[in-house]
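Content type mmCIF, C-alpha atoms, from the file entry04.cif:
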data_data
#
loop_
_atom_site.group_PDB
_atom_site.id
_atom_site.type_symbol
_atom_site.label_atom_id
_atom_site.label_comp_id
_atom_site.auth_asym_id
_atom_site.auth_seq_id
_atom_site.Cartn_x
_atom_site.Cartn_y
_atom_site.Cartn_z
ATOM 1 C CA MET A 1 61.205 -107.461 -10.400
ATOM 2 C CA ALA A 2 63.729 -110.235 -10.199
ATOM 3 C CA ASN A 3 63.930 -112.205 -13.420
ATOM 4 C CA SER A 4 66.448 -114.830 -12.384
ATOM 5 C CA PRO A 5 65.348 -118.232 -11.104
ATOM 6 C CA SER A 6 68.776 -118.634 -9.514
ATOM 7 C CA ARG A 7 67.639 -116.674 -6.484
ATOM 8 C CA PHE A 8 65.476 -119.666 -5.627
ATOM 9 C CA LEU A 9 67.679 -122.566 -6.690
ATOM 10 C CA SER A 10 71.345 -122.696 -7.539
ATOM 11 C CA PRO A 11 72.009 -123.606 -11.199
ATOM 12 C CA LEU A 12 73.196 -127.068 -10.130
ATOM 13 C CA ARG A 13 70.093 -127.734 -8.025
ATOM 14 C CA LEU A 14 67.865 -126.375 -10.812
ATOM 15 C CA ALA A 15 69.510 -128.736 -13.328
ATOM 16 C CA ALA A 16 69.103 -131.657 -10.917
ATOM 17 C CA PHE A 17 65.449 -130.743 -10.418
ATOM 18 C CA ARG A 18 64.834 -130.655 -14.167
ATOM 19 C CA GLN A 19 66.475 -134.068 -14.581
ATOM 20 C CA GLN A 20 64.385 -135.448 -11.737
ATOM 21 C CA ALA A 21 61.056 -134.275 -13.219
ATOM 22 C CA PRO A 22 61.320 -134.330 -17.035
ATOM 23 C CA ALA A 23 58.611 -132.636 -19.063
ATOM 24 C CA HIS A 24 58.677 -135.526 -21.553
ATOM 25 C CA SER A 25 58.568 -139.282 -21.154
ATOM 26 C CA SER A 26 61.443 -141.544 -22.217
ATOM 27 C CA SER A 27 59.727 -142.053 -25.575
ATOM 28 C CA GLY A 28 59.809 -138.300 -26.193
ATOM 29 C CA ALA A 29 56.050 -137.808 -25.778
ATOM 30 C CA GLN A 30 54.879 -135.063 -23.495
ATOM 31 C CA VAL A 31 53.818 -136.236 -20.035
ATOM 32 C CA ASP A 32 50.169 -135.660 -19.174
ATOM 33 C CA PRO A 33 50.023 -133.609 -15.931
ATOM 34 C CA CYS A 34 46.821 -135.447 -15.003
ATOM 35 C CA GLN A 35 48.824 -138.694 -14.780
ATOM 36 C CA ARG A 36 51.074 -137.275 -12.077
ATOM 37 C CA PRO A 37 50.592 -138.949 -8.693
ATOM 38 C CA SER A 38 48.375 -137.077 -6.274
ATOM 39 C CA SER A 39 50.193 -135.018 -3.672
ATOM 40 C CA TRP A 40 48.950 -137.265 -0.886
ATOM 41 C CA ARG A 41 50.846 -140.114 -2.539
ATOM 42 C CA VAL A 42 54.061 -138.077 -2.644
ATOM 43 C CA ALA A 43 53.976 -137.324 1.083
ATOM 44 C CA THR A 44 53.260 -140.827 2.333
ATOM 45 C CA ASN A 45 52.551 -139.783 5.898
ATOM 46 C CA LEU A 46 51.647 -136.755 7.971
ATOM 47 C CA GLY A 47 55.186 -136.433 9.293
ATOM 48 C CA LYS A 48 56.526 -135.939 5.762
ATOM 49 C CA SER A 49 53.867 -133.319 5.091
ATOM 50 C CA PHE A 50 55.003 -131.355 8.124
ATOM 51 C CA TYR A 51 58.623 -131.874 7.072
ATOM 52 C CA TYR A 52 57.964 -130.353 3.633
ATOM 53 C CA ALA A 53 56.033 -127.461 5.173
ATOM 54 C CA GLY A 54 58.919 -126.872 7.570
ATOM 55 C CA LYS A 55 61.338 -126.838 4.625
ATOM 56 C CA GLY A 56 59.220 -124.131 3.011
ATOM 57 C CA LEU A 57 59.215 -122.046 6.185
ATOM 58 C CA LEU A 58 62.951 -122.487 6.639
ATOM 59 C CA TYR A 59 63.532 -121.493 3.016
ATOM 60 C CA ALA A 60 61.499 -118.313 3.525
ATOM 61 C CA VAL A 61 63.362 -117.427 6.716
ATOM 62 C CA ARG A 62 66.740 -117.979 5.058
ATOM 63 C CA THR A 63 66.096 -116.252 1.736
ATOM 64 C CA GLN A 64 63.232 -113.764 2.065
ATOM 65 C CA ARG A 65 64.102 -110.478 3.778
ATOM 66 C CA ASN A 66 60.465 -109.391 4.007
ATOM 67 C CA PHE A 67 59.468 -112.670 5.677
ATOM 68 C CA ARG A 68 62.147 -112.078 8.325
ATOM 69 C CA ILE A 69 60.844 -108.528 8.823
ATOM 70 C CA HIS A 70 57.284 -109.832 9.277
ATOM 71 C CA LEU A 71 58.539 -112.510 11.650
ATOM 72 C CA LEU A 72 60.353 -109.896 13.745
ATOM 73 C CA ALA A 73 57.249 -107.679 13.779
ATOM 74 C CA THR A 74 55.194 -110.663 14.950
ATOM 75 C CA VAL A 75 57.605 -111.435 17.796
ATOM 76 C CA LEU A 76 57.599 -107.755 18.843
ATOM 77 C CA ALA A 77 53.795 -107.601 18.681
ATOM 78 C CA PHE A 78 53.452 -110.706 20.854
ATOM 79 C CA GLY A 79 56.003 -109.377 23.315
ATOM 80 C CA LEU A 80 54.288 -106.002 23.543
ATOM 81 C CA GLY A 81 50.912 -107.704 23.914
ATOM 82 C CA LEU A 82 52.198 -109.743 26.833
ATOM 83 C CA VAL A 83 53.821 -106.705 28.484
ATOM 84 C CA LEU A 84 50.597 -104.689 28.126
ATOM 85 C CA HIS A 85 48.496 -107.621 29.414
ATOM 86 C CA LEU A 86 46.208 -107.693 26.383
ATOM 87 C CA SER A 87 43.192 -109.968 26.591
ATOM 88 C CA ALA A 88 43.043 -113.379 24.951
ATOM 89 C CA VAL A 89 40.791 -112.011 22.206
ATOM 90 C CA GLU A 90 43.225 -109.161 21.506
ATOM 91 C CA MET A 91 46.146 -111.599 21.363
ATOM 92 C CA ALA A 92 44.093 -113.800 19.031
ATOM 93 C CA LEU A 93 43.622 -110.814 16.706
ATOM 94 C CA ILE A 94 47.363 -110.240 16.705
ATOM 95 C CA SER A 95 47.884 -113.943 15.947
ATOM 96 C CA LEU A 96 45.410 -113.911 13.070
ATOM 97 C CA THR A 97 46.664 -110.753 11.418
ATOM 98 C CA SER A 98 50.328 -111.709 11.839
ATOM 99 C CA GLY A 99 49.671 -115.209 10.547
ATOM 100 C CA LEU A 100 47.805 -113.844 7.545
ATOM 101 C CA VAL A 101 50.685 -111.550 6.616
ATOM 102 C CA MET A 102 53.256 -114.333 6.884
ATOM 103 C CA ALA A 103 51.053 -116.807 4.991
ATOM 104 C CA LEU A 104 50.599 -114.306 2.170
ATOM 105 C CA GLU A 105 54.344 -113.707 2.133
ATOM 106 C CA LEU A 106 54.842 -117.455 1.639
ATOM 107 C CA VAL A 107 52.264 -117.499 -1.172
ATOM 108 C CA ASN A 108 54.002 -114.508 -2.751
ATOM 109 C CA THR A 109 57.341 -116.331 -2.590
ATOM 110 C CA ALA A 110 55.815 -119.460 -4.136
ATOM 111 C CA LEU A 111 54.202 -117.466 -6.938
ATOM 112 C CA GLU A 112 57.480 -115.702 -7.704
ATOM 113 C CA ALA A 113 59.270 -119.060 -7.843
ATOM 114 C CA VAL A 114 56.701 -120.528 -10.237
ATOM 115 C CA VAL A 115 56.806 -117.466 -12.497
ATOM 116 C CA ASP A 116 60.611 -117.487 -12.514
ATOM 117 C CA LEU A 117 60.656 -121.243 -13.191
ATOM 118 C CA THR A 118 58.239 -120.797 -16.085
ATOM 119 C CA LEU A 119 59.853 -117.776 -17.711
ATOM 120 C CA GLY A 120 63.469 -118.099 -16.647
ATOM 121 C CA SER A 121 65.237 -114.833 -17.337
ATOM 122 C CA ARG A 122 62.706 -113.685 -19.942
ATOM 123 C CA TYR A 123 60.361 -110.768 -19.258
ATOM 124 C CA HIS A 124 56.604 -110.892 -19.647
ATOM 125 C CA LEU A 125 54.140 -108.176 -18.659
ATOM 126 C CA LEU A 126 51.673 -110.696 -17.197
ATOM 127 C CA ALA A 127 54.441 -112.144 -15.019
ATOM 128 C CA GLU A 128 55.166 -108.658 -13.717
ATOM 129 C CA ILE A 129 51.466 -108.106 -13.011
ATOM 130 C CA ALA A 130 51.188 -111.454 -11.178
ATOM 131 C CA LYS A 131 54.232 -110.729 -9.023
ATOM 132 C CA ASP A 132 53.183 -107.148 -8.300
ATOM 133 C CA CYS A 133 49.636 -108.171 -7.354
ATOM 134 C CA ALA A 134 50.920 -110.886 -5.011
ATOM 135 C CA ALA A 135 53.247 -108.363 -3.384
ATOM 136 C CA GLY A 136 50.323 -105.931 -3.185
ATOM 137 C CA ALA A 137 48.258 -108.552 -1.339
ATOM 138 C CA VAL A 138 51.028 -108.856 1.250
ATOM 139 C CA LEU A 139 51.141 -105.058 1.571
ATOM 140 C CA VAL A 140 47.367 -104.812 2.111
ATOM 141 C CA ALA A 141 47.493 -107.498 4.795
ATOM 142 C CA ALA A 142 50.500 -105.847 6.469
ATOM 143 C CA LEU A 143 48.733 -102.463 6.543
ATOM 144 C CA ALA A 144 45.589 -104.066 7.980
ATOM 145 C CA SER A 145 47.745 -105.800 10.590
ATOM 146 C CA LEU A 146 49.366 -102.477 11.430
ATOM 147 C CA GLY A 147 45.906 -100.929 11.833
ATOM 148 C CA VAL A 148 44.889 -103.695 14.228
ATOM 149 C CA ALA A 149 48.114 -103.163 16.173
ATOM 150 C CA VAL A 150 47.450 -99.429 16.494
ATOM 151 C CA TRP A 151 43.913 -100.017 17.761
ATOM 152 C CA LEU A 152 45.057 -102.621 20.265
ATOM 153 C CA PHE A 153 48.325 -101.114 21.498
ATOM 154 C CA LEU A 154 47.637 -97.374 21.507
ATOM 155 C CA PRO A 155 45.073 -97.203 24.375
ATOM 156 C CA PRO A 156 47.177 -99.159 26.899
ATOM 157 C CA LEU A 157 50.322 -97.296 25.835
ATOM 158 C CA LEU A 158 48.577 -93.947 26.359
ATOM 159 C CA LEU A 159 47.568 -95.027 29.853
ATOM 160 C CA LEU A 160 51.241 -95.560 30.683
ATOM 161 C CA LEU A 161 52.103 -91.933 29.880
ATOM 162 C CA PRO A 162 52.003 -89.359 32.687
ATOM 163 C CA GLN A 163 48.691 -87.440 32.776
ATOM 164 C CA GLU A 164 50.513 -84.117 32.333
ATOM 165 C CA LEU A 165 51.521 -85.121 28.840
ATOM 166 C CA LEU A 166 47.944 -85.990 27.905
ATOM 167 C CA LEU A 167 46.237 -82.800 29.166
ATOM 168 C CA PRO A 168 46.142 -81.017 25.787
ATOM 169 C CA PHE A 169 44.340 -84.039 24.321
#

Structure rendered as structure tokens:
Amino acid sequence: MANSPSRFLSPLRLAAFRQQAPAHSSSGAQVDPCQRPSSWRVATNLGKSFYYAGKGLLYAVRTQRNFRIHLLATVLAFGLGLVLHLSAVEMALISLTSGLVMALELVNTALEAVVDLTLGSRYHLLAEIAKDCAAGAVLVAALASLGVAVWLFLPPLLLLLPQELLLPF
């Protein structure tokens, strides 16, 4: 379990972020989180919303090894599906399962960042449980996606093998 928030933001960027969003008002009173502007006011148009989402995806691609692995597996699955001429429904299943795995990987990354931001370099058992459960959710989705891939890819791949190899089966 990584306990350092620096893997998400450099110390300089983290300090700048804390100065940008102080936990207390200028009078020293704590800021009420309910008074924060709604997220739709922060992203003033749809283009900015897509921009911020793209920044999150780019961050995951640049910094998260497992996200890159899932992305590579998705590209390979799509390529194999096209080579094997899978049906539209089968390709949709690959899209859904791959998308679910990558979405959960993004949620896992976000949860880790929030836990690290909250605790810094301190350890807390509940933080470990939260991070481990989020990683476990990604693992469950990845295993389910692998199961779908086996069911979809194995029959056409077996048909490509010479019949002599399949006689014992």

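Interatomic distance, CA of Leu154 (chain A) against CA of Leu96 (chain A): 18.7 Å.
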
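Distances from A:Leu104, A:Leu86, A:Ala73, A:Ala130 to Asp116 (chain A) were compared using only C-alpha atoms, and the smallest one belongs to A:Ala130.
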
Which protein, DNA or RNA residues are at most 12 Å from (63.0, -107.6, 0.8) in the file's coordinates when you count all atoms listed in the file, listed as a compact mmCIF listing (two decimals) with C-alpha atoms, keeping the file's coordinate frame?
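See result-v1.txt below for the written result:
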# COMPACT_ATOMS: atom_id res chain seq x y z
CA MET A 1 61.20 -107.46 -10.40
CA ALA A 2 63.73 -110.24 -10.20
CA ALA A 60 61.50 -118.31 3.52
CA VAL A 61 63.36 -117.43 6.72
CA ARG A 62 66.74 -117.98 5.06
CA THR A 63 66.10 -116.25 1.74
CA GLN A 64 63.23 -113.76 2.06
CA ARG A 65 64.10 -110.48 3.78
CA ASN A 66 60.46 -109.39 4.01
CA PHE A 67 59.47 -112.67 5.68
CA ARG A 68 62.15 -112.08 8.32
CA ILE A 69 60.84 -108.53 8.82
CA HIS A 70 57.28 -109.83 9.28
CA GLU A 105 54.34 -113.71 2.13
CA ASN A 108 54.00 -114.51 -2.75
CA THR A 109 57.34 -116.33 -2.59
CA ALA A 135 53.25 -108.36 -3.38

Quick one: residues within 10 Å of Ala77 (chain A), only C-alpha atoms, excluding same-chain residues fewer than 6 positions away - as an NGL selection string? :A and (71 or 83 or 91 or 94-95 or 98 or 146 or 149 or 153)

Using the selection just defined, write its residues with C-alpha atoms as a CSV table (one decimal), in the frame of the given file.
chain,number,residue,atom,x,y,z
A,71,LEU,CA,58.5,-112.5,11.6
A,83,VAL,CA,53.8,-106.7,28.5
A,91,MET,CA,46.1,-111.6,21.4
A,94,ILE,CA,47.4,-110.2,16.7
A,95,SER,CA,47.9,-113.9,15.9
A,98,SER,CA,50.3,-111.7,11.8
A,146,LEU,CA,49.4,-102.5,11.4
A,149,ALA,CA,48.1,-103.2,16.2
A,153,PHE,CA,48.3,-101.1,21.5

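Using all atoms listed in the file, the residues found no farther than 10 Å from Val138 (chain A), other than those of its own chain fewer than 3 positions away, are A:Asn66, A:Leu100, A:Val101, A:Met102, A:Ala103, A:Leu104, A:Glu105, A:Leu106, A:Val107, A:Asn108, A:Asp132, A:Cys133, A:Ala134, A:Ala135, A:Ala141, A:Ala142, A:Leu143, A:Ala144.
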
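Restricting the calculation to all atoms listed in the file, the smallest distance between Val75 (chain A) and any of A:Leu126, A:Leu139, A:Leu158, A:Gly99 is found for A:Gly99.
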
Considering all atoms listed in the file, state which residue in the set A:Ala110, A:Val150, A:Ala92, A:Ala137 is at the smallest distance from Gly56 (chain A). A:Ala110

Mind telling me what the PyMOL selection byres ((chain A and resi 84) around 10) catches here, as a PDB file with C-alpha atoms, in the frame of the given file?
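And here is the file that came out, part-v8.pdb:
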ATOM      1  CA  PHE A  78      53.452-110.706  20.854  1.00  0.00           C
ATOM      2  CA  GLY A  79      56.003-109.377  23.315  1.00  0.00           C
ATOM      3  CA  LEU A  80      54.288-106.002  23.543  1.00  0.00           C
ATOM      4  CA  GLY A  81      50.912-107.704  23.914  1.00  0.00           C
ATOM      5  CA  LEU A  82      52.198-109.743  26.833  1.00  0.00           C
ATOM      6  CA  VAL A  83      53.821-106.705  28.484  1.00  0.00           C
ATOM      7  CA  HIS A  85      48.496-107.621  29.414  1.00  0.00           C
ATOM      8  CA  LEU A  86      46.208-107.693  26.383  1.00  0.00           C
ATOM      9  CA  SER A  87      43.192-109.968  26.591  1.00  0.00           C
ATOM     10  CA  LEU A 152      45.057-102.621  20.265  1.00  0.00           C
ATOM     11  CA  PHE A 153      48.325-101.114  21.498  1.00  0.00           C
ATOM     12  CA  PRO A 156      47.177 -99.159  26.899  1.00  0.00           C
ATOM     13  CA  LEU A 157      50.322 -97.296  25.835  1.00  0.00           C
ATOM     14  CA  LEU A 160      51.241 -95.560  30.683  1.00  0.00           C
TER      15      LEU A 160
END

In Å, rounded to a single decimal, give me how far CA of Ser49 (chain A) is from CA of Glu112 (chain A). 22.1 Å

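Between CA of Thr74 (chain A) and CA of Ser145 (chain A) there is a distance of 9.9 Å.
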